Structure formats: structure tokens, C-alpha cells
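Engineer: This is the structure I want to talk about, given as C-alpha cells.
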Amino acid sequence: MTRKSESGVRAGVCASSVAAALLLAACFGVEVAQAQAIMRTPTISVPSRMPTISPGIAARVSPGVAARAVAVGRGPGPIVTTRISARMGPTPVLPYARYSPNLYPACTAPDRDAAGECLAQQNAGGDGSGKSGKKTAGKRRGNNAPVAADLRTFADEFVAEIDGGLSSTEADELARRHGLTRVTSENFPLIGATFGLFRITDGRPSATVRREFAADGSVRSVQPNFRYLLQDQKSSVPTEGDPAQYALAKLRLPQAHTLAHGASVTVAVIDSGIDARHPELANSIADNFDALGSAEGPHIHGTGIAGALVAHAKLMGSAPEARIIAIRAFGGTTGGAESSSYIILRSLNYAAEHGAQIVNMSFAGPKDAVIERAIAATAARGLVLIAAAGNAGAKSPPLYPAANPNVIAVSATDQQDRLFTASNRGNYIAVAAPGVDIFLPAPDGKYQMTSGTSFSAAYVSGVAALLLERNSALKPEALRTTLAKTARDLGSPGRDDLFGDGEADAFAAVMAVPAAGATPVAAASGTTKREDIEKRRDEPGIRALEQPSLSSTEDKATVSQADRPATR
């Protein structure tokens with residue numbers, strides 16, 4: 001009996017201890033589910049720049065916990081992770097922010113044969129890049145055919161023998177007469193001649209320019225500036241950014257960046273506040289406009305969007321040399337950042353009046369007569385409009401401005417080329433781009449890992465900037481057609497409501513756009529997409545769109561809202 005009494009006493013003491021612990025947690029205002037999420041969130045501590053995860057722990061984020069920002073050190077030291085809990089005060093919540101293993105495949109799935117071997121790999125570095133490495137016989141992909149010929153020379157450059165008696169000033173004048181830039185020239189005693197390196201800067205066809213230049217009396221000979229490669233070196237994918245940025249390989253951005261970087265192209269980013277002082281965004285913000293007239297600081301969403309576009313330090317954006325007009329249209333610290341019809345109207349007006357060529361809209365809302373009118377007017381001025389499809393999931397009605405026929409709507413994919421579960425669907429989807437576990441800058445010099453169609457849209461806006469650098473005269477519909485024809489087909493064969501025409505392929509798209517006036521080398525090659533699908537549903541490049549009907553509740557809504565997560 002005595003032993004039983006002692007056991008009962010011990011049990012009572014244990015129960016009391018558990019009850020006291022629960023009571024103490026309740027007093028501190030910590031929900032049990034949130035505490036578990038915080039305790040089980042993996043700590044990132046890996047040398048170098050690549051964030052990784054303890055393999056035995058799954059990443060979990062409670063809906064009440066804000067996105068974690070990662071401070072990346074300058075040197076090879078460990079990465080310090082700042083944990084933010086619900087008790088630390090109001091923090092902007094980033095939808096679906098979580099950490100995941102960082103994988104960087106040697107080649108992407110479409111470049112593998114049935115046995116899993118890489119069919120071909122690009123090799124680039126420094127000023128030049130070349131195509132090397134073995135190909136599996138008989139299995140060359142259609143879009144790779146023109147690459148070898150194009151990469152034999154440096155685009156828009158040629159070497160010319162000129163009159164040795166010309167001074168530097170006279171050589172510059174010779175170049176100007178033919179609309180060229182003299183990069184350098186010097187006398188070579190070895191062969192007793194003076195040669196110069198000249199560059200075409202106005203987009204004219206190189207063959208035409210060389211022929212006209214060769215006819216000048218001060219020019220002895222003209223030839224392309226050929227490319228040479230070291231032999232017996234291991235083939236590799238061009239490297240840019242951080243290994244965690246799988247989106248670079250998916251979009252074939254390293255290859256595209258051998259031809260264009262978005263230089264001199266202006267992108268208006270209508271979003272929340274952007275941290276212009278972040279090293280990734282240095283010298284990229286050309287103009288700022290606060291449509292809210294607020295005093296808020298940088299926001300995690302806007303800073304991430306800008307990073308997807310122009311990051312150029314540890315990370316790499318899709319158009320690292322593009323210029324951004326940072327338009328703050330979303331603000332508020334409770335819940336998600338919000339905006340309104342009037343503020344969006346002010347933002348579109350500012351973008352159109354201040355030289356924007358592309359407008360990135362990573363937000364979604366109901367159909368809005370005022371914004372529809374502004375979108376139509378913006379498109380009529382020749383601006384390229386790109387928007388996130390939305391994060392409301394499969395059952396959501398079409399969201400705007402993405403569903404507007406003048407807008408290129410972008411859905412999100414993951415590293416396995418699957419559709420992001422929260423991504424909107426519909427026949428208005430134009431293309432898809434990576435949007436799951438995207439590594440981007442965050443305010444105060446930090447970094448984030450996040451997901452959403454917002455970031456897919458930003459990547460595609462950057463690809464559009466590459467095309468406009470290649471040919472500034474490219475019209476919005478021609479640009480849309482190029483993105484569609486060169487997209488890599490995903491899902492069911494042909495166009496569908498999940499991926500549109502497929503995942504954007506920056507390299508194929510840039511190759512398909514001739515430098516103003518030149519003949520395209522891969523205009524109709526596509527990648528794996530349809531050569532003979534039906535005649536583009538209307539005119540080529542015009543996306544067919546059946547205007548969906550919206551409920552009366554949506555018609556009455558007046559607030560356009562930033563990407564928000566669907567219910568898990």
C-alpha cells in the first residue's frame with residue numbers, strides 16, 4: 001500500500017508539472033503549434049554562400065510566423081540565421097517562406113536522354129562562352145542546332161586592318177562614320193599591320209556593317225572576331241549567382257547572359273518598398289516613386305522582386321543590368337501589404353510617364369474597370385505588361401491584372417517542373433517560371449528563401465528586358481510571341497491552363513530575337529514545344545482569352561492585394 005501511495009504521489013507531481021508548463025506557455029502568449037514550429041525549424045549553418053539544411057529535419061513554418069531572413073557573410077564564415085517569432089512584434093508575413101535543400105543539377109531534365117545522360121552542356125566564362133562537350137548521337141534538341149554557329153564568334157564585334165597612318169582620333173572618326181565603336185587598335189610589328197577591334201552598337205546586321213566598312217578606303221580587311229577555347233577541359237554549365245538559385249539553370253539564364261544583360265532597359269516595379277541599399281541592388285534603382293506618400297521602410301516582398309530582376313552580387317537576377325523604377329504602391333504591417341485602385345492607377349501613370357519599357361506587377365485582385373482602362377492605355381503606349389497569375393489555387397476565379405488580355409500572365413513551377421500548388425490556373429496563363437524556394441535578397445542586407453507567382457513574374461520581366469536589349473524596337477505582341485514559341489513545354493503536350501505555352505527559356509528567346517534588323521537564328525526552333533499546333537488560336541502571338549464572369553462580391557471589391565497564400 002505504501003508503494004502504491006508513493007506512485008500515486010509521483011504521478012500527481014508529474015501531472016502538476018505538465019499543467020504548470022502549459023499554464024506558463026499560455027501566460028507568455030505562445031501557441032503550442034507555433035512553439036513546435038519554431039523549435040523544429042532547421043538552423044542553417046554551412047560554410048561558403050550556399051544555404052543548406054540539416055538532412056534529418058523537415059522545414060516547417062507556422063502561418064503565424066514571419067519569413068526568416070538570412071544574413072549572408074562576406075567571407076567563407078558560417079551563415080547566421082535570425083529567427084523571428086510571433087512575440088517579437090508585427091513583421092510582414094511572406095507567403096510560403098521556408099527553407100529547403102539546395103540542389104544544382106549538372107544539366108536540366110530536358111537536356112537528358114532516356115538513360116539520364118546529359119545531351120549537351122554549355123561552356124562559358126569571362127567575355128566569351130563556347131559550346132563544348134559531347135552530344136549523344138542523333139539526339140540533338142531542335143533549339144540547340146544554331147547555337148554552335150552563333151557561338152563561334154563574339155556577337156556584334158569584328159577585327160579590321162586599318163590604315164597604319166591613322167591616329168587614335170582619326171580611327172575613332174572612321175568608326176563613327178560607320179556607326180561603330182572602336183574598342184581598341186594598335187600596330188602589330190610581327191605582321192607589319194595595324195588592326196582594330198570594332199563593335200556594332202546600334203543593332204544593325206553584322207554582315208551588312210562589315211561589308212560597308214570594308215568598302216571604306218582606310219580599311220584593308222574585315223573579319224569576325226572569332227572565339228577560341230582551351231581543349232581537354234571539363235565541360236560545365238556557365239556559373240552565375242548562388243548554387244541555391246536553381247531558377248538560373250531552369251531558365252537558361254547563364255547562356256542568355258552571354259548575349260544580353262538587360263542593359264539600358266527600364267522596368268517599373270509596382271510593389272512594396274525596395275531596399276535600394278542592398279548590395280544585390282547597388283546602382284540598379286534609377287528612380288523612386290512612393291504612390292502611397294508613406295514613411296514606411298523597405299519591405300521583404302518588394303526587395304525580393306527587385307532581386308529576382310537585377311541581383312548582381314552573390315546572387316544573379318534575370319536582367320542584372322536593367323534599371324528599375326521602384327514604385328511603392330503597397331503598404332501596411334498588419335497581415336499582407338495592400339493597395340487600392342487609385343494607388344495602382346497613380347503607379348501605372350507614373351511608369352508610363354517616366355520612361356518604363358516593362359511594368360512588373362506581382363499583385364492580384366478582382367476585375368477593376370479603372371485599372372482595366374489604365375492597363376489598356378499603358379499597353380497602347382507600347383509598354384510590356386507582366387503580372388503574377390496569383391497564389392489563390394486551383395479553384396480561384398481569374399485574378400487581375402494577370403487575366404487582362406494585354407498582360408503576360410505567369411504561373412509558378414518548382415525545381416521538378418511541377419506547378420506550384422497555390423498557383424492560379426486558367427486559359428489566360430501565358431508562360432510559367434520558377435517560383436518555389438527562390439533565393440532572394442531581403443531588407444537590411446539579408447536574404448530570404450520564398451515561394452509565389454510574384455517571383456515567377458519578376459523572372460519573366462527580366463527575360464523580357466534581355467529581349468528588349470537585344471532589339472529595342474521589339475513590340476509587345478512580338479515579345480509575347482517569342483516567349484511563347486521558345487518556351488519549354490511542360491505538362492500535357494501543347495498549351496494548357498497550368499503552364500500556358502510552357503516554362504520560359506531565356507536563352508532560346510534571346511537567340512530568337514535578332515539584334516535589330518538581323519536574321520533570327522532560332523526564331524521558330526522552339527525547344528520541345530509544338531512545331532505545328534493549331535494556328536495560335538487567333539493571330540500569331542495573340543493569346544485567346546475568354547473573359548470570365550466574376551461574382552458580384554468580386555465586382556464590388558475595390559482593393560487589389562499583394563500575393564497571398566492559399567489555404568493550406
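Identifiers for the C-alpha cells are assigned positionally: chains receive A, B, ... in sequence, residues are indexed from 1 per chain, and ligands are indexed from 1 in the order shown.
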I want to know what sits within 8 Å of segment 409-416 of chain A, based on only C-alpha atoms, with residues of the same chain fewer than 4 positions away left out; could you give that as JSON, numbers by chain?

Structural biologist: {"A": [246, 247, 386, 387, 388, 389, 390, 402, 403, 420, 423, 424, 425, 428, 429, 430, 431, 432, 433, 434, 435, 436, 437, 452, 453, 456, 457, 460, 498, 499]}

Engineer: Go ahead and write the residues just picked, C-alpha atoms, as a compact mmCIF listing (two decimals), in the first residue's frame.

Structural biologist:
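Output below, filename again36.txt:
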```txt
# COMPACT_ATOMS: atom_id res chain seq x y z
CA TYR A 246 18.11 26.58 -59.42
CA ALA A 247 15.94 29.01 -61.41
CA ILE A 386 3.77 41.25 -66.96
CA ALA A 387 1.86 40.03 -63.90
CA ALA A 388 1.77 37.20 -61.39
CA ALA A 389 -1.07 34.74 -62.00
CA GLY A 390 -1.87 34.76 -58.28
CA ALA A 402 -2.91 38.92 -64.98
CA ALA A 403 -6.19 37.90 -66.66
CA PHE A 420 3.23 25.45 -57.55
CA SER A 423 -0.64 28.93 -58.37
CA ASN A 424 -3.74 30.08 -60.24
CA ARG A 425 -4.78 28.25 -63.40
CA TYR A 428 -5.08 33.31 -69.66
CA ILE A 429 -1.76 31.88 -68.39
CA ALA A 430 0.93 32.80 -70.93
CA VAL A 431 4.07 31.10 -69.57
CA ALA A 432 5.47 29.64 -66.36
CA ALA A 433 8.72 30.27 -64.49
CA PRO A 434 10.36 29.02 -61.27
CA GLY A 435 8.59 30.36 -58.19
CA VAL A 436 9.12 27.79 -55.42
CA ASP A 437 12.02 28.05 -52.94
CA GLY A 452 4.99 32.53 -55.05
CA THR A 453 3.93 33.53 -58.54
CA SER A 456 7.98 33.91 -61.35
CA ALA A 457 6.60 37.11 -62.89
CA VAL A 460 9.94 36.74 -66.79
CA LEU A 498 -1.38 25.29 -65.87
CA PHE A 499 1.80 26.35 -67.68
```

Engineer: List the neighbours of segment 292-299 of chain A out to 8 Å using only C-alpha atoms; skip same-chain residues closer than 5 positions along the sequence, and give me the result as a PDB file with N, CA, C and O atoms, in the first residue's frame.

Structural biologist:
```pdb
ATOM      1  N   PRO A  92       6.141  41.740 -41.423  1.00  0.00           N
ATOM      2  CA  PRO A  92       5.462  41.375 -42.662  1.00  0.00           C
ATOM      3  C   PRO A  92       5.580  39.879 -42.913  1.00  0.00           C
ATOM      4  O   PRO A  92       6.674  39.321 -42.858  1.00  0.00           O
ATOM      5  N   SER A 272       5.797  46.746 -53.071  1.00  0.00           N
ATOM      6  CA  SER A 272       6.053  47.379 -51.780  1.00  0.00           C
ATOM      7  C   SER A 272       7.455  47.996 -51.806  1.00  0.00           C
ATOM      8  O   SER A 272       8.139  47.964 -52.824  1.00  0.00           O
ATOM      9  N   GLY A 273       7.894  48.561 -50.665  1.00  0.00           N
ATOM     10  CA  GLY A 273       9.170  49.257 -50.620  1.00  0.00           C
ATOM     11  C   GLY A 273      10.356  48.373 -50.946  1.00  0.00           C
ATOM     12  O   GLY A 273      10.406  47.203 -50.555  1.00  0.00           O
ATOM     13  N   ILE A 274      11.339  48.918 -51.652  1.00  0.00           N
ATOM     14  CA  ILE A 274      12.543  48.192 -52.072  1.00  0.00           C
ATOM     15  C   ILE A 274      13.744  48.756 -51.326  1.00  0.00           C
ATOM     16  O   ILE A 274      13.910  49.976 -51.226  1.00  0.00           O
ATOM     17  N   ASP A 275      14.591  47.870 -50.817  1.00  0.00           N
ATOM     18  CA  ASP A 275      15.809  48.293 -50.131  1.00  0.00           C
ATOM     19  C   ASP A 275      16.891  48.578 -51.171  1.00  0.00           C
ATOM     20  O   ASP A 275      17.658  47.685 -51.552  1.00  0.00           O
ATOM     21  N   ARG A 328       6.454  52.395 -54.974  1.00  0.00           N
ATOM     22  CA  ARG A 328       5.813  51.821 -53.782  1.00  0.00           C
ATOM     23  C   ARG A 328       4.304  52.061 -53.885  1.00  0.00           C
ATOM     24  O   ARG A 328       3.824  53.189 -53.809  1.00  0.00           O
ATOM     25  N   ALA A 329       3.567  50.959 -54.061  1.00  0.00           N
ATOM     26  CA  ALA A 329       2.110  51.037 -54.139  1.00  0.00           C
ATOM     27  C   ALA A 329       1.436  50.191 -53.068  1.00  0.00           C
ATOM     28  O   ALA A 329       0.220  50.254 -52.915  1.00  0.00           O
ATOM     29  N   PHE A 330       2.231  49.407 -52.335  1.00  0.00           N
ATOM     30  CA  PHE A 330       1.679  48.514 -51.316  1.00  0.00           C
ATOM     31  C   PHE A 330       2.325  48.806 -49.970  1.00  0.00           C
ATOM     32  O   PHE A 330       3.538  48.964 -49.883  1.00  0.00           O
ATOM     33  N   GLY A 331       1.489  48.894 -48.944  1.00  0.00           N
ATOM     34  CA  GLY A 331       1.994  49.174 -47.608  1.00  0.00           C
ATOM     35  C   GLY A 331       1.072  48.600 -46.562  1.00  0.00           C
ATOM     36  O   GLY A 331      -0.007  48.073 -46.857  1.00  0.00           O
ATOM     37  N   ILE A 343      -4.347  54.022 -56.041  1.00  0.00           N
ATOM     38  CA  ILE A 343      -2.885  53.949 -55.927  1.00  0.00           C
ATOM     39  C   ILE A 343      -2.282  53.196 -57.109  1.00  0.00           C
ATOM     40  O   ILE A 343      -1.244  53.590 -57.660  1.00  0.00           O
ATOM     41  N   ALA A 442      16.746  40.285 -49.080  1.00  0.00           N
ATOM     42  CA  ALA A 442      15.745  40.798 -48.147  1.00  0.00           C
ATOM     43  C   ALA A 442      16.287  42.100 -47.559  1.00  0.00           C
ATOM     44  O   ALA A 442      17.483  42.385 -47.664  1.00  0.00           O
ATOM     45  N   PRO A 443      15.418  42.924 -46.963  1.00  0.00           N
ATOM     46  CA  PRO A 443      15.893  44.207 -46.424  1.00  0.00           C
ATOM     47  C   PRO A 443      17.039  44.058 -45.428  1.00  0.00           C
ATOM     48  O   PRO A 443      17.242  42.999 -44.840  1.00  0.00           O
TER      49      PRO A 443
END
```

Engineer: Any idea what the distance is between atom CA of Leu315 of chain A and atom CA of Ala422 of chain A?

Structural biologist: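 Interatomic distance here is 25.7 Å.
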
Engineer: Would you mind reading off the distance between atom CA of Pro397 of chain A and atom CA of Thr421 of chain A, one decimal, in Å?

Structural biologist: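 The value is 15.3 Å.
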
Engineer: With DSSP run on the backbone, what are the strand (DSSP E or B) residues within segment 247-483 of chain A? I'd like them as an NGL selection string.

Structural biologist: :A and (266-271 or 285-290 or 323-328 or 331 or 338 or 358-361 or 363-365 or 384-388 or 400 or 407-413 or 419 or 429-434 or 438-442 or 446-450)

Engineer: So, with only C-alpha atoms as the atoms that count, which of A:Pro320, A:Gly164, A:Gly491, A:Gly262 lies closest to Asn283 of chain A?

Structural biologist: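 Among the listed residues, A:Pro320 lies closest to Asn283 of chain A.
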
Engineer: For a test of reading the model, state the distance in Å between atom CA of Leu399 of chain A and atom CA of Val359 of chain A, rounded to one decimal.

Structural biologist: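 Between atom CA of Leu399 of chain A and atom CA of Val359 of chain A the gap is 17.1 Å.
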
Engineer: Find the residues around Val384 of chain A up to 8 Å (only C-alpha atoms counted), leave out those fewer than 2 positions away in its own chain, and share them as an mmCIF file with all heavy atoms, in the first residue's frame.

Structural biologist:
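Generated output (selection-v3.cif):
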```cif
data_model
loop_
_atom_site.group_PDB
_atom_site.id
_atom_site.type_symbol
_atom_site.label_atom_id
_atom_site.label_comp_id
_atom_site.auth_asym_id
_atom_site.auth_seq_id
_atom_site.Cartn_x
_atom_site.Cartn_y
_atom_site.Cartn_z
ATOM 1 N N GLN A 357 9.771 50.688 -69.891
ATOM 2 C CA GLN A 357 9.522 49.853 -71.065
ATOM 3 C C GLN A 357 8.786 48.576 -70.693
ATOM 4 O O GLN A 357 8.101 47.973 -71.518
ATOM 5 C CB GLN A 357 10.854 49.505 -71.741
ATOM 6 C CG GLN A 357 11.596 50.712 -72.283
ATOM 7 C CD GLN A 357 13.064 50.440 -72.499
ATOM 8 O OE1 GLN A 357 13.880 50.632 -71.606
ATOM 9 N NE2 GLN A 357 13.425 49.986 -73.692
ATOM 10 N N ILE A 358 8.966 48.162 -69.440
ATOM 11 C CA ILE A 358 8.309 46.966 -68.916
ATOM 12 C C ILE A 358 7.696 47.336 -67.570
ATOM 13 O O ILE A 358 8.291 48.092 -66.802
ATOM 14 C CB ILE A 358 9.319 45.810 -68.728
ATOM 15 C CG1 ILE A 358 9.981 45.445 -70.064
ATOM 16 C CG2 ILE A 358 8.657 44.581 -68.109
ATOM 17 C CD1 ILE A 358 11.198 44.554 -69.919
ATOM 18 N N VAL A 359 6.510 46.801 -67.276
ATOM 19 C CA VAL A 359 5.880 47.012 -65.980
ATOM 20 C C VAL A 359 5.680 45.654 -65.323
ATOM 21 O O VAL A 359 4.979 44.789 -65.863
ATOM 22 C CB VAL A 359 4.526 47.740 -66.104
ATOM 23 C CG1 VAL A 359 3.906 47.942 -64.724
ATOM 24 C CG2 VAL A 359 4.698 49.075 -66.805
ATOM 25 N N ALA A 379 -0.718 49.681 -72.368
ATOM 26 C CA ALA A 379 -0.355 48.789 -73.469
ATOM 27 C C ALA A 379 -0.344 49.541 -74.790
ATOM 28 O O ALA A 379 0.500 49.288 -75.664
ATOM 29 C CB ALA A 379 -1.325 47.614 -73.529
ATOM 30 N N GLY A 382 2.821 50.976 -75.881
ATOM 31 C CA GLY A 382 3.889 50.056 -76.250
ATOM 32 C C GLY A 382 4.666 49.478 -75.095
ATOM 33 O O GLY A 382 5.726 48.880 -75.302
ATOM 34 N N ILE A 386 3.594 42.628 -67.450
ATOM 35 C CA ILE A 386 3.771 41.252 -66.964
ATOM 36 C C ILE A 386 3.252 41.181 -65.532
ATOM 37 O O ILE A 386 3.541 42.061 -64.717
ATOM 38 C CB ILE A 386 5.252 40.839 -67.028
ATOM 39 C CG1 ILE A 386 5.733 40.866 -68.489
ATOM 40 C CG2 ILE A 386 5.472 39.460 -66.411
ATOM 41 C CD1 ILE A 386 7.213 40.652 -68.665
ATOM 42 N N VAL A 407 -1.882 41.643 -70.812
ATOM 43 C CA VAL A 407 -0.865 41.322 -69.806
ATOM 44 C C VAL A 407 -0.352 39.902 -70.015
ATOM 45 O O VAL A 407 -1.116 38.986 -70.333
ATOM 46 C CB VAL A 407 -1.450 41.476 -68.388
ATOM 47 C CG1 VAL A 407 -0.429 41.058 -67.335
ATOM 48 C CG2 VAL A 407 -1.893 42.920 -68.159
ATOM 49 N N PRO A 476 5.354 44.701 -78.056
ATOM 50 C CA PRO A 476 4.864 43.796 -77.005
ATOM 51 C C PRO A 476 4.327 42.465 -77.528
ATOM 52 O O PRO A 476 4.611 41.410 -76.954
ATOM 53 C CB PRO A 476 3.760 44.615 -76.331
ATOM 54 C CG PRO A 476 4.203 46.032 -76.504
ATOM 55 C CD PRO A 476 4.827 46.070 -77.866
#
```

Engineer: What's around Ala193 of chain A at 8 Å? Count only C-alpha atoms, leave out sequence neighbours fewer than 5 positions away in its own chain, and write the answer as number ranges by chain.

Structural biologist: A: 161-162, 164, 187-188

Engineer: Could the residues in this selection be saved with N, CA and C atoms as a compact mmCIF listing (two decimals), in the first residue's frame?

Structural biologist:
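Resulting contents of result.txt:
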```
# COMPACT_ATOMS: atom_id res chain seq x y z
N GLU A 161 41.73 45.38 -90.37
CA GLU A 161 43.02 46.01 -90.62
C GLU A 161 42.75 47.39 -91.19
N ILE A 162 43.35 48.40 -90.56
CA ILE A 162 43.11 49.79 -90.99
C ILE A 162 44.42 50.45 -91.38
N GLY A 164 47.62 52.25 -91.24
CA GLY A 164 48.53 52.42 -90.11
C GLY A 164 48.85 53.87 -89.81
N ASN A 187 49.33 48.82 -83.60
CA ASN A 187 50.19 48.31 -84.65
C ASN A 187 50.85 47.03 -84.19
N PHE A 188 50.88 46.02 -85.09
CA PHE A 188 51.49 44.73 -84.78
C PHE A 188 52.72 44.54 -85.68
```

Engineer: Which polymer residues have any atom within 10 Å of an atom of Asp444 of chain A, counting only C-alpha atoms, with same-chain residues fewer than 5 positions away left out, as a list in words?

Structural biologist: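 Close residues of Asp444 of chain A: Ala69, Ala71, Asp275, Ala276, Arg277, His278, Pro279, Pro298, His299, Ile300 and Thr303 of chain A.
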